[in-house]
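Asks: Just one file: structure-v6.pdb, with PDB, C-alpha atoms, pLDDT in the B column.
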```pdb
ATOM      1  CA  MET G 164      10.110  15.469  21.268  1.00 55.00           C
ATOM      2  CA  GLY G 165       7.628  13.638  19.046  1.00 58.00           C
ATOM      3  CA  ARG G 166       7.661  13.344  15.302  1.00 60.00           C
ATOM      4  CA  PRO G 167       6.218  16.245  13.347  1.00 63.00           C
ATOM      5  CA  ARG G 168       2.570  15.892  12.446  1.00 64.00           C
ATOM      6  CA  ARG G 169       1.794  15.142   8.831  1.00 67.00           C
ATOM      7  CA  ASP G 170      -1.011  17.133   7.308  1.00 72.00           C
ATOM      8  CA  TYR G 171      -3.237  15.605   4.668  1.00 78.00           C
ATOM      9  CA  HIS G 172      -5.904  17.314   2.601  1.00 77.00           C
ATOM     10  CA  PRO G 173      -9.123  15.270   2.190  1.00 77.00           C
ATOM     11  CA  ASP G 174      -9.023  15.797  -1.590  1.00 85.00           C
ATOM     12  CA  GLY G 175      -5.282  15.181  -1.881  1.00 90.00           C
ATOM     13  CA  ILE G 176      -3.787  12.056  -3.394  1.00 95.00           C
ATOM     14  CA  TYR G 177      -0.801  10.455  -1.686  1.00 96.00           C
ATOM     15  CA  HIS G 178       1.695   7.774  -2.682  1.00 98.00           C
ATOM     16  CA  LEU G 179       2.148   5.686   0.472  1.00 97.00           C
ATOM     17  CA  THR G 180       4.886   3.098   0.917  1.00 97.00           C
ATOM     18  CA  ALA G 181       6.107   0.813   3.683  1.00 97.00           C
ATOM     19  CA  HIS G 182       9.221  -1.383   3.633  1.00 97.00           C
ATOM     20  CA  GLY G 183      10.297  -4.421   5.627  1.00 97.00           C
ATOM     21  CA  ILE G 184      13.197  -4.097   8.048  1.00 96.00           C
ATOM     22  CA  ASP G 185      16.542  -4.599   6.266  1.00 94.00           C
ATOM     23  CA  ASP G 186      14.605  -5.419   3.075  1.00 93.00           C
ATOM     24  CA  ASN G 187      13.168  -8.551   4.672  1.00 96.00           C
ATOM     25  CA  PRO G 188       9.904  -9.815   3.205  1.00 97.00           C
ATOM     26  CA  ILE G 189       6.656  -8.415   4.564  1.00 98.00           C
ATOM     27  CA  PHE G 190       4.774 -10.936   2.415  1.00 97.00           C
ATOM     28  CA  ARG G 191       5.959 -14.545   2.462  1.00 97.00           C
ATOM     29  CA  ASP G 192       3.111 -16.070   0.482  1.00 96.00           C
ATOM     30  CA  ASP G 193      -0.236 -15.396  -1.147  1.00 95.00           C
ATOM     31  CA  PHE G 194      -2.026 -15.934   2.170  1.00 97.00           C
ATOM     32  CA  ASP G 195      -0.130 -12.946   3.595  1.00 97.00           C
ATOM     33  CA  ARG G 196      -0.999 -10.836   0.566  1.00 96.00           C
ATOM     34  CA  GLN G 197      -4.667 -11.849   0.718  1.00 96.00           C
ATOM     35  CA  ASP G 198      -4.784 -10.943   4.413  1.00 97.00           C
ATOM     36  CA  PHE G 199      -3.330  -7.530   3.574  1.00 97.00           C
ATOM     37  CA  CYS G 200      -5.989  -7.037   0.860  1.00 96.00           C
ATOM     38  CA  ILE G 201      -8.762  -7.881   3.319  1.00 96.00           C
ATOM     39  CA  ARG G 202      -7.353  -5.381   5.804  1.00 96.00           C
ATOM     40  CA  LEU G 203      -7.040  -2.741   3.087  1.00 96.00           C
ATOM     41  CA  ALA G 204     -10.688  -3.286   2.133  1.00 95.00           C
ATOM     42  CA  ARG G 205     -11.646  -2.707   5.783  1.00 95.00           C
ATOM     43  CA  VAL G 206      -9.652   0.525   5.859  1.00 95.00           C
ATOM     44  CA  ILE G 207     -11.363   1.653   2.640  1.00 94.00           C
ATOM     45  CA  ASP G 208     -14.731   1.022   4.284  1.00 93.00           C
ATOM     46  CA  ASN G 209     -13.852   2.434   7.713  1.00 92.00           C
ATOM     47  CA  GLU G 210     -11.833   5.453   6.626  1.00 92.00           C
ATOM     48  CA  GLY G 211     -13.534   6.280   3.323  1.00 91.00           C
ATOM     49  CA  TRP G 212     -10.277   6.000   1.394  1.00 93.00           C
ATOM     50  CA  VAL G 213     -10.241   6.001  -2.385  1.00 93.00           C
ATOM     51  CA  VAL G 214      -7.434   3.733  -3.594  1.00 95.00           C
ATOM     52  CA  HIS G 215      -6.256   4.671  -7.082  1.00 95.00           C
ATOM     53  CA  ALA G 216      -3.478   2.091  -7.457  1.00 96.00           C
ATOM     54  CA  GLY G 217      -1.554  -0.440  -5.436  1.00 97.00           C
ATOM     55  CA  CYS G 218       1.154  -3.057  -5.611  1.00 97.00           C
ATOM     56  CA  LEU G 219       2.349  -5.657  -3.129  1.00 97.00           C
ATOM     57  CA  MET G 220       5.966  -6.644  -3.608  1.00 97.00           C
ATOM     58  CA  ASP G 221       7.828  -9.118  -1.380  1.00 96.00           C
ATOM     59  CA  THR G 222       9.617  -6.504   0.731  1.00 97.00           C
ATOM     60  CA  HIS G 223       7.310  -3.485   0.476  1.00 97.00           C
ATOM     61  CA  HIS G 224       3.982  -2.145  -0.671  1.00 98.00           C
ATOM     62  CA  HIS G 225       2.759   0.896  -2.609  1.00 98.00           C
ATOM     63  CA  LEU G 226      -0.653   2.539  -2.391  1.00 98.00           C
ATOM     64  CA  LEU G 227      -1.982   5.616  -4.152  1.00 97.00           C
ATOM     65  CA  VAL G 228      -4.683   6.945  -1.829  1.00 96.00           C
ATOM     66  CA  CYS G 229      -7.087   9.845  -1.416  1.00 94.00           C
ATOM     67  CA  PRO G 230      -8.215   9.994   2.225  1.00 92.00           C
ATOM     68  CA  SER G 231     -11.599  11.505   1.235  1.00 86.00           C
ATOM     69  CA  THR G 232     -13.529  11.488   4.507  1.00 82.00           C
ATOM     70  CA  GLY G 233     -10.948   9.492   6.460  1.00 82.00           C
ATOM     71  CA  SER G 234      -7.506   9.758   7.924  1.00 90.00           C
ATOM     72  CA  ILE G 235      -4.231   8.579   6.396  1.00 93.00           C
ATOM     73  CA  PRO G 236      -2.509   8.105   9.797  1.00 93.00           C
ATOM     74  CA  ASP G 237      -5.470   6.215  11.284  1.00 93.00           C
ATOM     75  CA  GLY G 238      -5.835   4.088   8.170  1.00 95.00           C
ATOM     76  CA  MET G 239      -2.139   3.237   8.018  1.00 95.00           C
ATOM     77  CA  LYS G 240      -2.143   2.373  11.718  1.00 95.00           C
ATOM     78  CA  LEU G 241      -5.028  -0.034  11.146  1.00 95.00           C
ATOM     79  CA  LEU G 242      -3.501  -1.428   7.977  1.00 97.00           C
ATOM     80  CA  ASN G 243       0.203  -1.766   8.778  1.00 97.00           C
ATOM     81  CA  GLY G 244      -0.185  -2.220  12.531  1.00 96.00           C
ATOM     82  CA  GLY G 245      -2.893  -4.853  12.275  1.00 97.00           C
ATOM     83  CA  TYR G 246      -1.129  -6.605   9.425  1.00 98.00           C
ATOM     84  CA  ALA G 247       2.209  -6.703  11.300  1.00 97.00           C
ATOM     85  CA  ARG G 248       0.602  -8.229  14.412  1.00 97.00           C
ATOM     86  CA  ALA G 249      -1.158 -10.896  12.329  1.00 98.00           C
ATOM     87  CA  PHE G 250       2.006 -11.589  10.314  1.00 98.00           C
ATOM     88  CA  ASN G 251       4.020 -12.058  13.511  1.00 97.00           C
ATOM     89  CA  ARG G 252       1.433 -14.457  14.988  1.00 97.00           C
ATOM     90  CA  ARG G 253       1.168 -16.434  11.762  1.00 97.00           C
ATOM     91  CA  HIS G 254       4.921 -16.769  11.295  1.00 97.00           C
ATOM     92  CA  GLY G 255       5.936 -17.195  14.963  1.00 97.00           C
ATOM     93  CA  ARG G 256       7.989 -14.031  15.146  1.00 95.00           C
ATOM     94  CA  ARG G 257       7.976 -10.855  17.182  1.00 93.00           C
ATOM     95  CA  GLY G 258       9.195  -7.331  16.849  1.00 94.00           C
ATOM     96  CA  ALA G 259       8.806  -4.729  14.165  1.00 95.00           C
ATOM     97  CA  LEU G 260       7.950  -5.842  10.646  1.00 97.00           C
ATOM     98  CA  PHE G 261       8.281  -2.447   8.960  1.00 96.00           C
ATOM     99  CA  GLU G 262      11.573  -0.557   8.984  1.00 94.00           C
ATOM    100  CA  SER G 263      10.058   2.776   9.959  1.00 87.00           C
ATOM    101  CA  ARG G 264       6.980   4.914   9.710  1.00 89.00           C
ATOM    102  CA  TYR G 265       5.328   4.713   6.311  1.00 94.00           C
ATOM    103  CA  GLY G 266       6.507   7.035   3.561  1.00 94.00           C
ATOM    104  CA  ASP G 267       4.230   9.467   1.797  1.00 95.00           C
ATOM    105  CA  ARG G 268       4.434  11.752  -1.217  1.00 95.00           C
ATOM    106  CA  THR G 269       1.832  14.251  -2.254  1.00 94.00           C
ATOM    107  CA  ILE G 270       0.719  13.896  -5.860  1.00 96.00           C
ATOM    108  CA  ARG G 271       0.940  17.242  -7.620  1.00 95.00           C
ATOM    109  CA  GLY G 272      -1.033  17.417 -10.840  1.00 94.00           C
ATOM    110  CA  GLU G 273      -2.169  15.126 -13.604  1.00 94.00           C
ATOM    111  CA  GLU G 274       1.286  14.273 -14.969  1.00 96.00           C
ATOM    112  CA  HIS G 275       2.545  13.331 -11.520  1.00 97.00           C
ATOM    113  CA  TYR G 276      -0.612  11.262 -10.956  1.00 96.00           C
ATOM    114  CA  ALA G 277      -0.171   9.366 -14.243  1.00 96.00           C
ATOM    115  CA  ALA G 278       3.517   8.767 -13.499  1.00 97.00           C
ATOM    116  CA  ALA G 279       2.734   7.516  -9.971  1.00 97.00           C
ATOM    117  CA  VAL G 280       0.058   5.084 -11.198  1.00 96.00           C
ATOM    118  CA  ASP G 281       2.445   3.785 -13.872  1.00 96.00           C
ATOM    119  CA  TYR G 282       5.338   3.475 -11.403  1.00 97.00           C
ATOM    120  CA  ILE G 283       3.230   1.601  -8.847  1.00 97.00           C
ATOM    121  CA  GLU G 284       1.523  -0.746 -11.272  1.00 96.00           C
ATOM    122  CA  GLN G 285       4.677  -1.490 -13.285  1.00 96.00           C
ATOM    123  CA  ASN G 286       6.833  -2.106 -10.186  1.00 96.00           C
ATOM    124  CA  PRO G 287       7.020  -5.922 -10.613  1.00 97.00           C
ATOM    125  CA  ILE G 288       8.234  -5.525 -14.209  1.00 96.00           C
ATOM    126  CA  ALA G 289      10.779  -2.854 -13.258  1.00 96.00           C
ATOM    127  CA  ALA G 290      12.062  -5.137 -10.477  1.00 94.00           C
ATOM    128  CA  GLY G 291      12.534  -7.953 -13.006  1.00 95.00           C
ATOM    129  CA  LEU G 292      10.046 -10.262 -11.285  1.00 94.00           C
ATOM    130  CA  VAL G 293       7.801 -10.713 -14.331  1.00 95.00           C
ATOM    131  CA  GLU G 294       7.707  -9.703 -17.971  1.00 95.00           C
ATOM    132  CA  ALA G 295       3.978  -8.901 -18.121  1.00 94.00           C
ATOM    133  CA  LEU G 296       1.548  -7.510 -15.556  1.00 91.00           C
ATOM    134  CA  ASP G 297      -0.761 -10.482 -16.095  1.00 93.00           C
ATOM    135  CA  ASP G 298       1.985 -12.548 -14.444  1.00 95.00           C
ATOM    136  CA  TRP G 299       1.896 -10.532 -11.173  1.00 96.00           C
ATOM    137  CA  THR G 300      -1.414 -10.898  -9.377  1.00 94.00           C
ATOM    138  CA  TRP G 301      -0.694  -8.299  -6.708  1.00 95.00           C
ATOM    139  CA  THR G 302      -0.774  -5.077  -8.719  1.00 95.00           C
ATOM    140  CA  THR G 303      -3.806  -3.066  -9.758  1.00 94.00           C
ATOM    141  CA  GLY G 304      -2.235  -3.056 -13.222  1.00 92.00           C
ATOM    142  CA  ASN G 305      -3.424  -6.672 -13.527  1.00 91.00           C
ATOM    143  CA  PRO G 306      -7.199  -6.752 -14.135  1.00 90.00           C
ATOM    144  CA  ALA G 307      -7.434  -9.998 -12.123  1.00 90.00           C
ATOM    145  CA  SER G 308      -5.816  -8.459  -9.030  1.00 91.00           C
ATOM    146  CA  PRO G 309      -7.621  -8.958  -5.716  1.00 91.00           C
ATOM    147  CA  LEU G 310      -6.270  -5.615  -4.469  1.00 89.00           C
ATOM    148  CA  PRO G 311      -9.237  -3.413  -3.580  1.00 88.00           C
ATOM    149  CA  CYS G 312      -9.109  -0.381  -5.840  1.00 80.00           C
ATOM    150  CA  ASN G 313     -11.946   2.113  -6.147  1.00 75.00           C
ATOM    151  CA  ARG G 314     -10.155   4.515  -8.466  1.00 69.00           C
ATOM    152  CA  LYS G 315     -12.078   7.649  -9.339  1.00 64.00           C
ATOM    153  CA  GLY G 316      -9.420   9.561 -11.291  1.00 59.00           C
ATOM    154  CA  LEU G 317      -8.235  13.037 -10.402  1.00 55.00           C
TER     155      LEU G 317
END
```
For the structure just supplied, provide its representation as structure tokens.

Replies:
Amino acid sequence: MGRPRRDYHPDGIYHLTAHGIDDNPIFRDDFDRQDFCIRLARVIDNEGWVVHAGCLMDTHHHLLVCPSTGSIPDGMKLLNGGYARAFNRRHGRRGALFESRYGDRTIRGEEHYAAAVDYIEQNPIAAGLVEALDDWTWTTGNPASPLPCNRKGL
């Protein structure tokens, strides 16, 4: 029996996460993170996603996404699947990179939205990796971040 189908509303906003197997890194360096950003930009273009926030940590990533005209499952397959294959080629490894299917949470209301954006963007500070967001390039909380974000609000 297959996994249950996930239903997504085109106007819904979803907090998507994916973790490395056994908390192993899914990003080893800035080249990996830049490759992920390029792939995310392609998914935004191909799937019509609106990305409200994002953060790339060493062992996982967070995205706050509205599928708009596109598909969350198709976009995540392109993003995580394509990224994992490229990561494995680049680092001479094989097998699964992500521990399981991506996680998703539906955002319910303005307070939940604000809390999710804050949680995602502040993740490097909460993890003790930096003291200020300007010191972590890979969060949309840093104005200099290369993460593609086309936030439109609620």

Asks: Give, as lines of an AutoDock Vina configuration file, the centre coordinates and the x, y and z edge lengths in Å to one decimal for an axis-aligned box around all listed atoms of region 261-279 of chain G, padded by 4 Å on each side.

Replies:
```
center_x = 4.7
center_y = 7.5
center_z = -2.5
size_x = 21.7
size_y = 27.9
size_z = 32.9
```

Asks: I would like the residues chosen by the PyMOL selection byres ((chain G and resi 191) around 10) on the shown file; could you give them as a list in words?

Replies: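 Going through the file, the PyMOL selection byres ((chain G and resi 191) around 10) ends up selecting Asn187, Pro188, Ile189, Phe190, Asp192, Asp193, Phe194, Asp195, Arg196, Met220, Asp221, Thr222, Phe250 and His254 of chain G.
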
Asks: Spell out the residues picked by the PyMOL selection byres ((chain G and resi 199-209) around 12) here, as an MDAnalysis selection string.

Replies: chainID G and resid 189:198 210:215 217:220 223:226 228:250 300:303 308:314

Asks: Given the file shown, enumerate the residues that the PyMOL selection byres ((chain G and resi 267) around 9) captures and present them as a PDB file with C-alpha atoms, in the coordinates of the input.

Replies:
```pdb
ATOM      1  CA  TYR G 177      -0.801  10.455  -1.686  1.00 96.00           C
ATOM      2  CA  HIS G 178       1.695   7.774  -2.682  1.00 98.00           C
ATOM      3  CA  LEU G 179       2.148   5.686   0.472  1.00 97.00           C
ATOM      4  CA  THR G 180       4.886   3.098   0.917  1.00 97.00           C
ATOM      5  CA  TYR G 265       5.328   4.713   6.311  1.00 94.00           C
ATOM      6  CA  GLY G 266       6.507   7.035   3.561  1.00 94.00           C
ATOM      7  CA  ARG G 268       4.434  11.752  -1.217  1.00 95.00           C
ATOM      8  CA  THR G 269       1.832  14.251  -2.254  1.00 94.00           C
TER       9      THR G 269
END
```

Asks: Under the rule that only C-alpha atoms are counted, which of G:Ala289, G:Ile270, G:Ala259, G:Ala277 is the nearest residue to Asp185 (chain G)?

Replies: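 Closest to Asp185 (chain G) of all the choices is G:Ala259.
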
Asks: Can you work out the spacing between CA of Leu296 (chain G) and CA of Asp281 (chain G) in Å, to one decimal?

Replies: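 Going from CA of Leu296 (chain G) over to CA of Asp281 (chain G) covers 11.5 Å.
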
Asks: At what distance in Å, to one decimal, does CA of Glu262 (chain G) lie from CA of His182 (chain G)?

Replies: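 Separating CA of His182 (chain G) from CA of Glu262 (chain G) is a distance of 5.9 Å.
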
Asks: I'd like the interatomic distance between CA of Leu227 (chain G) and CA of Tyr276 (chain G), to a tenth of an Å.

Replies: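 So the answer is 8.9 Å.
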
Asks: Select region 207-227 of chain G in the preceding structure and write C-alpha atoms to a file as a PDB file, in the first residue's frame.

Replies:
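The result, written out as decode.pdb:
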```
ATOM      1  CA  ILE G 207       9.883  28.775  -8.560  1.00  0.00           C
ATOM      2  CA  ASP G 208       9.867  29.418 -12.306  1.00  0.00           C
ATOM      3  CA  ASN G 209       8.597  25.985 -13.367  1.00  0.00           C
ATOM      4  CA  GLU G 210       6.012  25.429 -10.651  1.00  0.00           C
ATOM      5  CA  GLY G 211       4.929  29.014  -9.970  1.00  0.00           C
ATOM      6  CA  TRP G 212       5.824  28.754  -6.291  1.00  0.00           C
ATOM      7  CA  VAL G 213       5.876  31.814  -4.074  1.00  0.00           C
ATOM      8  CA  VAL G 214       8.634  31.415  -1.482  1.00  0.00           C
ATOM      9  CA  HIS G 215       7.970  33.496   1.627  1.00  0.00           C
ATOM     10  CA  ALA G 216      11.020  32.463   3.663  1.00  0.00           C
ATOM     11  CA  GLY G 217      13.835  29.959   3.638  1.00  0.00           C
ATOM     12  CA  CYS G 218      16.905  28.807   5.498  1.00  0.00           C
ATOM     13  CA  LEU G 219      19.649  26.351   4.611  1.00  0.00           C
ATOM     14  CA  MET G 220      21.287  24.771   7.629  1.00  0.00           C
ATOM     15  CA  ASP G 221      24.032  22.129   7.442  1.00  0.00           C
ATOM     16  CA  THR G 222      21.764  19.136   8.061  1.00  0.00           C
ATOM     17  CA  HIS G 223      18.377  20.371   6.834  1.00  0.00           C
ATOM     18  CA  HIS G 224      16.465  23.077   5.044  1.00  0.00           C
ATOM     19  CA  HIS G 225      13.275  25.064   5.662  1.00  0.00           C
ATOM     20  CA  LEU G 226      11.034  26.676   3.061  1.00  0.00           C
ATOM     21  CA  LEU G 227       7.787  28.576   3.498  1.00  0.00           C
TER      22      LEU G 227
END
```
